[in-house]
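Below is coords.tsv, which holds TSV, C-alpha atoms.
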chain	number	residue	atom	x	y	z
A	1	MET	CA	22.34	5.19	-21.18
A	2	ASN	CA	22.65	3.00	-18.11
A	3	ASN	CA	21.86	-0.63	-18.95
A	4	ALA	CA	22.52	-1.97	-15.47
A	5	VAL	CA	19.83	-4.30	-14.22
A	6	ALA	CA	18.37	-3.30	-10.86
A	7	GLN	CA	19.09	-5.89	-8.20
A	8	PRO	CA	16.20	-7.11	-6.03
A	9	VAL	CA	16.11	-5.62	-2.57
A	10	SER	CA	16.86	-8.14	0.15
A	11	PRO	CA	14.15	-9.17	2.62
A	12	VAL	CA	16.27	-7.76	5.44
A	13	ALA	CA	16.52	-4.35	3.76
A	14	LEU	CA	12.78	-4.24	3.01
A	15	ALA	CA	11.81	-5.21	6.54
A	16	GLN	CA	14.26	-2.68	7.99
A	17	ALA	CA	12.82	0.07	5.76
A	18	ALA	CA	9.32	-0.79	6.95
A	19	ARG	CA	10.38	-0.69	10.60
A	20	GLU	CA	12.00	2.71	10.07
A	21	GLN	CA	8.85	4.10	8.44
A	22	PHE	CA	6.66	2.80	11.24
A	23	ALA	CA	9.08	4.24	13.80
A	24	ALA	CA	8.93	7.61	12.04
A	25	ALA	CA	5.13	7.47	12.03
A	26	HIS	CA	5.11	6.65	15.75
A	27	ALA	CA	7.40	9.60	16.49
A	28	GLN	CA	5.16	11.91	14.44
A	29	LEU	CA	2.10	10.67	16.32
A	30	GLU	CA	3.73	11.50	19.66
A	31	ALA	CA	4.73	14.94	18.37
A	32	ALA	CA	1.30	15.68	16.89
A	33	ASP	CA	-0.20	16.71	20.23
A	34	GLY	CA	2.05	19.74	20.40
A	35	ALA	CA	2.01	20.59	16.71
A	36	SER	CA	0.70	24.00	15.71
A	37	ASN	CA	-1.01	22.37	12.73
A	38	ARG	CA	-2.28	19.16	14.26
A	39	VAL	CA	-4.36	18.22	11.22
A	40	LYS	CA	-1.26	18.24	9.03
A	41	ALA	CA	0.78	16.33	11.61
A	42	LEU	CA	-1.85	13.60	11.94
A	43	SER	CA	-2.25	13.38	8.16
A	44	ASN	CA	1.51	12.84	7.90
A	45	VAL	CA	1.27	10.06	10.49
A	46	ILE	CA	-1.32	8.21	8.42
A	47	ARG	CA	0.67	8.70	5.20
A	48	ALA	CA	3.83	7.39	6.88
A	49	TYR	CA	1.88	4.41	8.17
A	50	GLU	CA	0.47	3.63	4.72
A	51	GLU	CA	3.95	3.82	3.16
A	52	GLY	CA	5.30	1.56	5.89
A	53	LEU	CA	2.47	-0.86	5.29
A	54	GLU	CA	3.44	-1.24	1.62
A	55	ALA	CA	7.10	-1.69	2.54
A	56	MET	CA	6.13	-4.27	5.15
A	57	ARG	CA	4.01	-6.11	2.60
A	58	ALA	CA	6.94	-6.25	0.18
A	59	GLY	CA	9.30	-7.37	2.94
A	60	LEU	CA	7.04	-10.19	4.12
A	61	ARG	CA	6.58	-11.34	0.53
A	62	GLN	CA	10.34	-11.48	-0.04
A	63	ILE	CA	10.84	-13.36	3.24
A	64	SER	CA	8.22	-15.89	2.20
A	65	LEU	CA	9.79	-16.39	-1.22
A	66	ARG	CA	13.28	-16.80	0.24
A	67	GLU	CA	12.02	-19.28	2.83
A	68	ALA	CA	10.43	-21.34	0.06
A	69	GLU	CA	13.72	-21.33	-1.87
A	70	LEU	CA	15.64	-22.42	1.22
A	71	SER	CA	13.12	-25.14	1.99
A	72	GLU	CA	13.46	-26.59	-1.51
A	73	ALA	CA	17.25	-26.35	-1.41
A	74	PHE	CA	17.30	-27.90	2.06
A	75	GLU	CA	15.29	-30.89	0.84
A	76	ASP	CA	17.65	-31.37	-2.10
A	77	GLU	CA	20.78	-31.14	0.05
A	78	SER	CA	19.26	-33.38	2.71
A	79	GLY	CA	18.55	-36.04	0.09
A	80	GLN	CA	22.12	-35.93	-1.18
A	81	VAL	CA	23.56	-36.16	2.32
A	82	ALA	CA	21.27	-39.08	3.11
A	83	ALA	CA	22.51	-40.87	-0.01
A	84	LEU	CA	26.13	-40.26	0.98
A	85	LEU	CA	25.47	-41.54	4.47
A	86	GLY	CA	23.96	-44.69	2.98
A	87	VAL	CA	27.14	-45.27	0.98
A	88	LEU	CA	29.35	-44.72	4.00
A	89	VAL	CA	27.34	-47.13	6.11
A	90	THR	CA	27.85	-49.89	3.55
A	91	LEU	CA	31.55	-49.07	3.40
A	92	GLN	CA	32.11	-48.74	7.14
A	93	PRO	CA	35.74	-49.89	7.85
A	94	ASP	CA	36.05	-53.15	9.78
A	95	ALA	CA	39.37	-54.31	11.19
A	96	THR	CA	38.38	-57.98	11.66
A	97	PRO	CA	40.43	-60.59	9.79
A	98	GLU	CA	37.27	-61.82	8.08
A	99	ALA	CA	36.69	-58.38	6.56
A	100	LEU	CA	40.12	-58.46	4.95
A	101	VAL	CA	39.33	-61.58	2.98
A	102	HIS	CA	35.59	-61.23	2.34
A	103	PRO	CA	34.08	-60.66	-0.14
A	104	THR	CA	36.96	-59.39	-2.35
A	105	GLY	CA	39.77	-59.46	0.14
A	106	PRO	CA	42.24	-56.74	1.23
A	107	LEU	CA	42.37	-55.09	-2.22
A	108	GLY	CA	38.61	-54.53	-2.26
A	109	ARG	CA	38.72	-53.13	1.26
A	110	ALA	CA	41.54	-50.77	0.28
A	111	ARG	CA	39.54	-49.54	-2.68
A	112	ALA	CA	36.53	-48.96	-0.41
A	113	GLY	CA	38.68	-46.92	1.96
A	114	MET	CA	39.88	-44.76	-0.90
A	115	LEU	CA	36.26	-44.16	-1.94
A	116	VAL	CA	35.32	-43.15	1.59
A	117	SER	CA	38.19	-40.67	1.76
A	118	SER	CA	37.11	-39.10	-1.56
A	119	VAL	CA	33.48	-38.83	-0.46
A	120	THR	CA	34.21	-37.23	2.92
A	121	PRO	CA	35.15	-33.71	1.60
A	122	ALA	CA	31.97	-33.59	-0.50
A	123	MET	CA	29.96	-34.58	2.51
A	124	GLN	CA	31.61	-31.88	4.60
A	125	GLU	CA	30.84	-29.30	1.91
A	126	ALA	CA	27.19	-30.38	1.83
A	127	ALA	CA	27.00	-30.13	5.61
A	128	ASP	CA	28.42	-26.60	5.49
A	129	VAL	CA	25.78	-25.58	2.92
A	130	LEU	CA	23.04	-27.02	5.11
A	131	ARG	CA	24.38	-25.16	8.13
A	132	VAL	CA	24.31	-21.82	6.28
A	133	GLN	CA	20.79	-22.47	4.99
A	134	LEU	CA	19.54	-23.33	8.47
A	135	GLN	CA	21.08	-20.16	9.89
A	136	GLU	CA	19.50	-18.02	7.16
A	137	ALA	CA	16.11	-19.68	7.67
A	138	THR	CA	16.32	-18.96	11.40
A	139	ILE	CA	17.19	-15.31	10.74
A	140	LEU	CA	14.30	-14.96	8.29
A	141	ARG	CA	11.85	-16.44	10.78
A	142	GLU	CA	13.05	-14.06	13.50
A	143	LEU	CA	12.81	-11.18	11.03
A	144	GLN	CA	9.24	-12.11	10.19
A	145	ASP	CA	8.30	-12.28	13.88
A	146	GLU	CA	9.82	-8.81	14.44
A	147	ALA	CA	7.98	-7.46	11.39
A	148	VAL	CA	4.64	-8.76	12.65
A	149	ALA	CA	5.25	-7.24	16.10
A	150	THR	CA	6.13	-3.90	14.49
A	151	LEU	CA	3.05	-4.10	12.28
A	152	SER	CA	0.84	-4.72	15.32
A	153	ILE	CA	2.07	-1.51	16.94
A	154	GLY	CA	1.68	0.36	13.65
A	155	LEU	CA	-1.95	-0.73	13.33
A	156	LYS	CA	-2.75	0.72	16.76
A	157	ASP	CA	-0.93	3.96	15.96
A	158	ALA	CA	-2.76	4.33	12.64
A	159	GLN	CA	-6.16	3.80	14.21
A	160	GLN	CA	-5.37	6.32	16.93
A	161	ALA	CA	-4.21	8.84	14.30
A	162	ARG	CA	-7.40	8.39	12.26
A	163	THR	CA	-9.58	8.94	15.31
A	164	GLU	CA	-7.64	12.01	16.37
A	165	LEU	CA	-7.63	13.36	12.81
A	166	SER	CA	-11.44	13.24	12.64
A	167	GLN	CA	-11.63	15.20	15.88
A	168	ALA	CA	-8.96	17.66	14.79
A	169	MET	CA	-10.83	18.32	11.55
A	170	SER	CA	-13.96	19.10	13.55
A	171	ASP	CA	-12.00	21.51	15.72
A	172	ARG	CA	-10.17	23.19	12.84
A	173	VAL	CA	-10.78	26.91	12.33
A	174	GLY	CA	-9.23	29.67	10.31
A	175	LEU	CA	-9.20	28.27	6.77
A	176	PRO	CA	-9.95	30.99	4.21
A	177	LYS	CA	-13.30	30.90	2.45
A	178	ARG	CA	-13.77	31.72	-1.18
A	179	PHE	CA	-17.55	31.93	-1.12
A	180	VAL	CA	-20.59	31.40	1.07
A	181	THR	CA	-22.86	28.49	0.23
A	182	ASP	CA	-26.30	29.13	-1.20
A	183	ASN	CA	-27.90	26.20	0.59
A	184	GLU	CA	-31.25	26.54	-1.13
A	185	ARG	CA	-29.81	26.49	-4.63
A	186	LEU	CA	-27.59	23.58	-3.68
A	187	ARG	CA	-30.57	21.64	-2.31
A	188	ILE	CA	-32.54	22.20	-5.51
A	189	LEU	CA	-29.60	21.06	-7.63
A	190	ILE	CA	-29.16	17.87	-5.58
A	191	GLU	CA	-32.84	17.01	-5.77
A	192	SER	CA	-33.04	17.64	-9.50
A	193	SER	CA	-29.88	15.69	-10.41
A	194	GLU	CA	-30.39	12.05	-11.36
A	195	THR	CA	-26.71	11.25	-11.97
A	196	LEU	CA	-23.38	12.31	-10.58
A	197	GLU	CA	-22.52	13.73	-14.00
A	198	SER	CA	-25.58	15.99	-14.09
A	199	PHE	CA	-24.91	17.14	-10.53
A	200	ALA	CA	-21.28	17.99	-11.29
A	201	SER	CA	-22.30	19.78	-14.50
A	202	GLY	CA	-24.87	21.88	-12.62
A	203	LEU	CA	-22.38	22.67	-9.87
A	204	ALA	CA	-19.82	23.82	-12.42
A	205	VAL	CA	-22.09	26.57	-13.72
A	206	MET	CA	-23.48	27.61	-10.36
A	207	ASP	CA	-22.32	31.16	-9.70
A	208	VAL	CA	-20.11	31.80	-6.69
A	209	VAL	CA	-18.86	35.10	-5.34
A	210	ASP	CA	-15.10	35.22	-5.00
A	211	GLY	CA	-13.86	36.35	-1.62
A	212	VAL	CA	-10.41	37.28	-0.38
A	213	ALA	CA	-8.86	33.88	-1.05
A	214	PRO	CA	-8.40	33.42	-4.82
A	215	LEU	CA	-7.14	30.05	-6.06
A	216	PRO	CA	-3.49	29.76	-7.10
A	217	ASP	CA	-2.71	29.51	-10.80
A	218	PHE	CA	-1.62	25.95	-11.47
A	219	GLY	CA	-0.47	26.67	-15.02
A	220	ALA	CA	1.51	23.68	-16.27
A	221	THR	CA	0.74	21.24	-13.45
A	222	LYS	CA	-1.12	18.79	-15.69
A	223	GLY	CA	0.32	15.33	-15.30
A	224	THR	CA	2.05	16.12	-12.00
A	225	TRP	CA	-0.73	15.68	-9.45
A	226	PRO	CA	-0.28	12.84	-6.97
A	227	MET	CA	-3.16	10.40	-6.74
A	228	PRO	CA	-5.61	11.32	-3.95
A	229	VAL	CA	-5.30	7.83	-2.45
A	230	ARG	CA	-2.90	4.89	-2.49
A	231	GLY	CA	-4.28	2.03	-4.54
A	232	ARG	CA	-4.57	0.33	-7.90
A	233	ILE	CA	-6.67	1.42	-10.90
A	234	LEU	CA	-9.45	-1.09	-11.52
A	235	ARG	CA	-11.12	0.61	-14.48
A	236	GLY	CA	-9.88	3.36	-16.70
A	237	PHE	CA	-11.58	6.35	-18.24
A	238	ASN	CA	-14.82	5.36	-20.05
A	239	GLU	CA	-14.00	1.66	-19.52
A	240	ALA	CA	-17.11	-0.47	-19.16
A	241	ASP	CA	-17.70	-2.51	-16.01
A	242	ALA	CA	-19.06	-6.07	-15.83
A	243	ALA	CA	-22.58	-4.73	-16.46
A	244	GLY	CA	-21.44	-2.85	-19.54
A	245	VAL	CA	-21.74	0.57	-17.88
A	246	ALA	CA	-18.95	3.03	-18.74
A	247	ARG	CA	-18.25	6.07	-16.57
A	248	PRO	CA	-16.22	9.18	-17.49
A	249	GLY	CA	-13.69	8.63	-14.74
A	250	VAL	CA	-11.39	6.04	-13.18
A	251	LEU	CA	-12.07	3.59	-10.37
A	252	VAL	CA	-9.29	2.97	-7.86
A	253	ALA	CA	-9.13	0.00	-5.48
A	254	THR	CA	-7.83	1.04	-2.06
A	255	ARG	CA	-7.25	-0.44	1.36
A	256	GLN	CA	-9.81	0.00	4.07
A	257	LEU	CA	-9.61	3.31	5.98
A	258	SER	CA	-7.11	4.79	3.49
A	259	LEU	CA	-6.52	8.53	3.72
A	260	VAL	CA	-7.76	10.64	0.79
A	261	THR	CA	-6.02	13.97	0.15
A	262	SER	CA	-6.32	16.93	-2.18
A	263	PRO	CA	-3.68	16.88	-4.95
A	264	TRP	CA	-3.74	20.68	-5.32
A	265	PRO	CA	-5.03	23.74	-3.42
A	266	ALA	CA	-8.75	23.83	-4.09
A	267	THR	CA	-12.11	25.16	-3.03
A	268	VAL	CA	-14.54	22.69	-1.54
A	269	ARG	CA	-17.58	23.02	-3.81
A	270	TYR	CA	-19.56	20.15	-2.27
A	271	HIS	CA	-19.26	17.26	0.15
A	272	GLY	CA	-21.86	14.83	1.40
A	273	ALA	CA	-23.94	11.84	0.38
A	274	PHE	CA	-25.27	11.69	-3.17
A	275	LEU	CA	-27.51	8.96	-4.62
A	276	ASP	CA	-25.78	5.58	-4.28
A	277	TYR	CA	-22.24	6.95	-4.59
A	278	GLY	CA	-21.64	7.16	-0.87
A	279	ASN	CA	-20.03	10.38	0.25
A	280	VAL	CA	-18.95	12.65	-2.59
A	281	MET	CA	-16.30	15.38	-2.44
A	282	ILE	CA	-16.13	17.92	-5.27
A	283	LEU	CA	-13.14	20.24	-5.35
A	284	GLU	CA	-12.43	23.20	-7.61
A	285	PRO	CA	-8.66	23.55	-8.10
A	286	SER	CA	-9.17	26.28	-10.70
A	287	ASN	CA	-11.96	28.08	-12.48
A	288	ASP	CA	-13.77	25.74	-14.88
A	289	VAL	CA	-12.00	22.65	-13.42
A	290	LEU	CA	-13.68	20.27	-10.99
A	291	LEU	CA	-12.26	17.20	-9.27
A	292	VAL	CA	-15.00	14.73	-8.31
A	293	LEU	CA	-14.28	12.01	-5.73
A	294	ALA	CA	-16.98	9.50	-4.83
A	295	GLY	CA	-17.16	6.55	-2.46
A	296	LEU	CA	-15.63	7.99	0.71
A	297	GLU	CA	-16.88	6.90	4.11
A	298	GLU	CA	-15.94	10.11	5.89
A	299	VAL	CA	-15.40	13.60	4.43
A	300	TYR	CA	-13.75	16.67	5.93
A	301	GLY	CA	-14.06	20.39	5.38
A	302	GLU	CA	-16.79	22.95	4.74
A	303	ILE	CA	-18.24	24.09	1.44
A	304	GLY	CA	-16.52	27.27	0.32
A	305	GLU	CA	-13.25	26.61	2.18
A	306	VAL	CA	-9.95	26.80	0.32
A	307	ILE	CA	-7.85	23.83	1.37
A	308	PRO	CA	-4.09	23.49	0.82
A	309	GLU	CA	-2.34	20.92	-1.35
A	310	GLY	CA	-2.07	17.55	0.38
A	311	ALA	CA	-4.85	18.36	2.85
A	312	ALA	CA	-6.87	15.45	4.22
A	313	ILE	CA	-10.34	15.48	2.69
A	314	GLY	CA	-11.63	12.14	3.95
A	315	LEU	CA	-11.20	8.47	4.74
A	316	MET	CA	-12.27	5.37	2.87
A	317	GLY	CA	-14.65	2.94	4.54
A	318	GLY	CA	-14.03	-0.42	6.13
A	319	VAL	CA	-12.66	-1.72	9.39
A	320	ALA	CA	-9.21	-1.78	10.91
A	321	LEU	CA	-6.77	-4.12	9.17
A	322	ASP	CA	-6.74	-7.72	10.37
A	323	LEU	CA	-3.15	-8.56	11.28
A	324	ALA	CA	-3.27	-12.29	10.51
A	325	ALA	CA	-5.05	-11.78	7.18
A	326	PHE	CA	-2.56	-9.10	6.11
A	327	VAL	CA	0.43	-11.32	6.87
A	328	GLU	CA	-1.11	-14.28	5.04
A	329	ASN	CA	-2.00	-12.20	1.98
A	330	ALA	CA	1.43	-10.55	1.96
A	331	GLU	CA	3.21	-13.92	2.04
A	332	ASP	CA	0.95	-15.33	-0.68
A	333	GLY	CA	1.41	-12.26	-2.84
A	334	THR	CA	-2.34	-11.82	-3.29
A	335	GLY	CA	-4.08	-8.48	-3.79
A	336	ALA	CA	-6.52	-9.09	-0.94
A	337	GLY	CA	-7.12	-6.02	1.15
A	338	LEU	CA	-7.92	-3.59	-1.67
A	339	SER	CA	-11.61	-3.90	-0.86
A	340	GLU	CA	-12.68	-0.22	-1.07
A	341	THR	CA	-13.13	1.76	-4.28
A	342	LEU	CA	-12.77	5.48	-4.97
A	343	TYR	CA	-14.24	6.95	-8.15
A	344	ILE	CA	-12.24	9.88	-9.58
A	345	GLU	CA	-13.49	12.23	-12.25
A	346	VAL	CA	-12.00	15.45	-13.63
A	347	ARG	CA	-14.16	17.95	-15.52
A	348	GLU	CA	-12.92	20.89	-17.57
A	349	GLY	CA	-15.40	23.47	-18.81
A	350	GLY	CA	-18.21	21.18	-17.66
A	351	GLN	CA	-16.95	18.21	-19.71
A	352	PRO	CA	-15.25	15.08	-18.32
A	353	VAL	CA	-11.63	14.45	-19.32
A	354	ASP	CA	-9.35	11.50	-18.70
A	355	PRO	CA	-7.89	11.93	-15.18
A	356	ALA	CA	-4.62	10.48	-16.51
A	357	VAL	CA	-4.05	13.90	-18.11
A	358	TRP	CA	-3.74	15.39	-14.64
A	359	PHE	CA	-2.33	12.68	-12.39
A	360	THR	CA	1.07	11.02	-12.35
A	361	GLN	CA	0.91	7.34	-13.25
Using the file provided, produce a representation of the structure as structure tokens.
Amino acid sequence: MNNAVAQPVSPVALAQAAREQFAAAHAQLEAADGASNRVKALSNVIRAYEEGLEAMRAGLRQISLREAELSEAFEDESGQVAALLGVLVTLQPDATPEALVHPTGPLGRARAGMLVSSVTPAMQEAADVLRVQLQEATILRELQDEAVATLSIGLKDAQQARTELSQAMSDRVGLPKRFVTDNERLRILIESSETLESFASGLAVMDVVDGVAPLPDFGATKGTWPMPVRGRILRGFNEADAAGVARPGVLVATRQLSLVTSPWPATVRYHGAFLDYGNVMILEPSNDVLLVLAGLEEVYGEIGEVIPEGAAIGLMGGVALDLAAFVENAEDGTGAGLSETLYIEVREGGQPVDPAVWFTQ
């Protein structure tokens, strides 16, 4: 067993990793125009941007912490140097005859000279420490400025990729269909359902006619699915909210305009607005299993289509990230920015189960 303690990653390494991820995203965005699967290419751009954003956040936080450490150390060292300078001023050598006899005569002056010579190396050492700290602080400030400039370009690239992805999804053709929608039956089910749970339960038992695109057997994939969106779990399965209402799913806090993807090949059983849940996407990764996602701002795909694993299925709401606010929150280490919420529910045989059974934690 390896008991080695992981060393913290330096601010320089974190910032460099973020720059590399943003650079990779930029290159993918430029290559997306000629990609045979433009939807996939643009989705990869947004994912790379979101990964770079998290790395940038960590890098800026580490820079801020290190700057605070240097500032405190600089104040301590400065105080010590100032004290030493005060001593030296009072002991400044003076070659006048009066100095040799006043106040304690030549012996006292000799002792003072010896004290000065012993203090000088310590003062030189303190000055060297200050010089190194000032150089590091300058490097960190330059690194932060570079990171912010890189982030500014990344924000523009991400917004462009999102816009182009929406258009590419509208233009997409050729995905296999597993069934044809019975719009009338679907309309009746929507109108008769008073909760998301009742709607999902009714959808689960609605007959569909399999076509030429059967779903893959996912066998032992429980516990291996990636989360559909980057974020942080706010409430767990059947955990009550502030009003005491418990829902049979999990609520994930995400950043604005985050990309939502399918964790497994699945049939789109439904997408669109439902009650006060915002846009809802219901996927069927296997017979008798439904994945319910609610709270999206924009949804992609057509009912009956079989979408591949990792396919973009929508975007969260909100507005483009504010650069100044992101930098401030990153440096403060606050969780600001996770202002959107995605509700995730998994149903097996018509009954809700804890999504943690399916997704990696």
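Every residue within 9 Å of the file position (14.2, -5.7, 4.3), judged by all atoms listed in the file, is given as A:Val9, A:Ser10, A:Pro11, A:Val12, A:Ala13, A:Leu14, A:Ala15, A:Gln16, A:Ala17, A:Ala18, A:Arg19, A:Ala55, A:Met56, A:Ala58, A:Gly59, A:Leu60, A:Gln62, A:Ile63, A:Leu143.
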For those residues, write C-alpha atoms to a file as a CSV table (one decimal), keeping the file's coordinate frame.
chain,number,residue,atom,x,y,z
A,9,VAL,CA,16.1,-5.6,-2.6
A,10,SER,CA,16.9,-8.1,0.2
A,11,PRO,CA,14.2,-9.2,2.6
A,12,VAL,CA,16.3,-7.8,5.4
A,13,ALA,CA,16.5,-4.4,3.8
A,14,LEU,CA,12.8,-4.2,3.0
A,15,ALA,CA,11.8,-5.2,6.5
A,16,GLN,CA,14.3,-2.7,8.0
A,17,ALA,CA,12.8,0.1,5.8
A,18,ALA,CA,9.3,-0.8,7.0
A,19,ARG,CA,10.4,-0.7,10.6
A,55,ALA,CA,7.1,-1.7,2.5
A,56,MET,CA,6.1,-4.3,5.2
A,58,ALA,CA,6.9,-6.2,0.2
A,59,GLY,CA,9.3,-7.4,2.9
A,60,LEU,CA,7.0,-10.2,4.1
A,62,GLN,CA,10.3,-11.5,0.0
A,63,ILE,CA,10.8,-13.4,3.2
A,143,LEU,CA,12.8,-11.2,11.0
- Message: Please compute the CA of Pro308 (chain A)-CA of Ile282 (chain A) distance, one decimal, in Å.
- Response: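 Answer for the CA of Pro308 (chain A) to CA of Ile282 (chain A) separation: 14.6 Å.
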- Message: I'd like the interatomic distance between CA of Ser198 (chain A) and CA of Phe237 (chain A), to a tenth of an Å.
- Response: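 It comes out at 17.5 Å.
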If we count all atoms listed in the file, what is near Val229 (chain A) at a cut-off of 12 Å, once residues fewer than 2 positions away on the same chain are taken out, given as a compact mmCIF listing (two decimals) with C-alpha atoms, in the frame of the given file?
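The result, written out as out-v9.txt:
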# COMPACT_ATOMS: atom_id res chain seq x y z
CA ILE A 46 -1.32 8.21 8.42
CA ARG A 47 0.67 8.70 5.20
CA GLU A 50 0.47 3.63 4.72
CA GLU A 51 3.95 3.82 3.16
CA TRP A 225 -0.73 15.68 -9.45
CA PRO A 226 -0.28 12.84 -6.97
CA MET A 227 -3.16 10.40 -6.74
CA GLY A 231 -4.28 2.03 -4.54
CA ARG A 232 -4.57 0.33 -7.90
CA ILE A 233 -6.67 1.42 -10.90
CA LEU A 251 -12.07 3.59 -10.37
CA VAL A 252 -9.29 2.97 -7.86
CA ALA A 253 -9.13 0.00 -5.48
CA THR A 254 -7.83 1.04 -2.06
CA ARG A 255 -7.25 -0.44 1.36
CA GLN A 256 -9.81 0.00 4.07
CA LEU A 257 -9.61 3.31 5.98
CA SER A 258 -7.11 4.79 3.49
CA LEU A 259 -6.52 8.53 3.72
CA VAL A 260 -7.76 10.64 0.79
CA THR A 261 -6.02 13.97 0.15
CA SER A 262 -6.32 16.93 -2.18
CA PRO A 263 -3.68 16.88 -4.95
CA LEU A 293 -14.28 12.01 -5.73
CA GLY A 295 -17.16 6.55 -2.46
CA LEU A 296 -15.63 7.99 0.71
CA GLY A 310 -2.07 17.55 0.38
CA ALA A 311 -4.85 18.36 2.85
CA ALA A 312 -6.87 15.45 4.22
CA ILE A 313 -10.34 15.48 2.69
CA GLY A 314 -11.63 12.14 3.95
CA LEU A 315 -11.20 8.47 4.74
CA MET A 316 -12.27 5.37 2.87
CA LEU A 338 -7.92 -3.59 -1.67
CA GLU A 340 -12.68 -0.22 -1.07
CA THR A 341 -13.13 1.76 -4.28
CA LEU A 342 -12.77 5.48 -4.97
CA TYR A 343 -14.24 6.95 -8.15
CA ILE A 344 -12.24 9.88 -9.58
CA PHE A 359 -2.33 12.68 -12.39
Find the smallest box with edges along x, y and z containing every listed atom of region 193-204 of chain A, then add 6 Å on each side and report centre and edge lengths in Å to one decimal, as lines of an AutoDock Vina configuration file.
center_x = -25.1
center_y = 17.5
center_z = -12.2
size_x = 22.6
size_y = 24.6
size_z = 16.6
- Item | Polymer residues at most 8 Å from Ser166 (chain A), only C-alpha atoms, same-chain spacing of 4 or more positions, as a PyMOL selection string | chain A and resi 162+170+300
- Best match for closeness to Pro228 (chain A) among A:Met281, A:Ala149, A:Val289, A:Leu275, counting only C-alpha atoms: A:Met281
- Counting all atoms listed in the file, which of A:Ala147, A:Ala32, A:Ile139, A:Ala48 gets nearest to Phe326 (chain A)?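 Of A:Ala147, A:Ala32, A:Ile139, A:Ala48, the one nearest Phe326 (chain A), counting all atoms listed in the file, is A:Ala147.
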- Note on the structure: Pairwise distance, CA of Arg230 (chain A) with CA of Ala294 (chain A), equals 15.0 Å
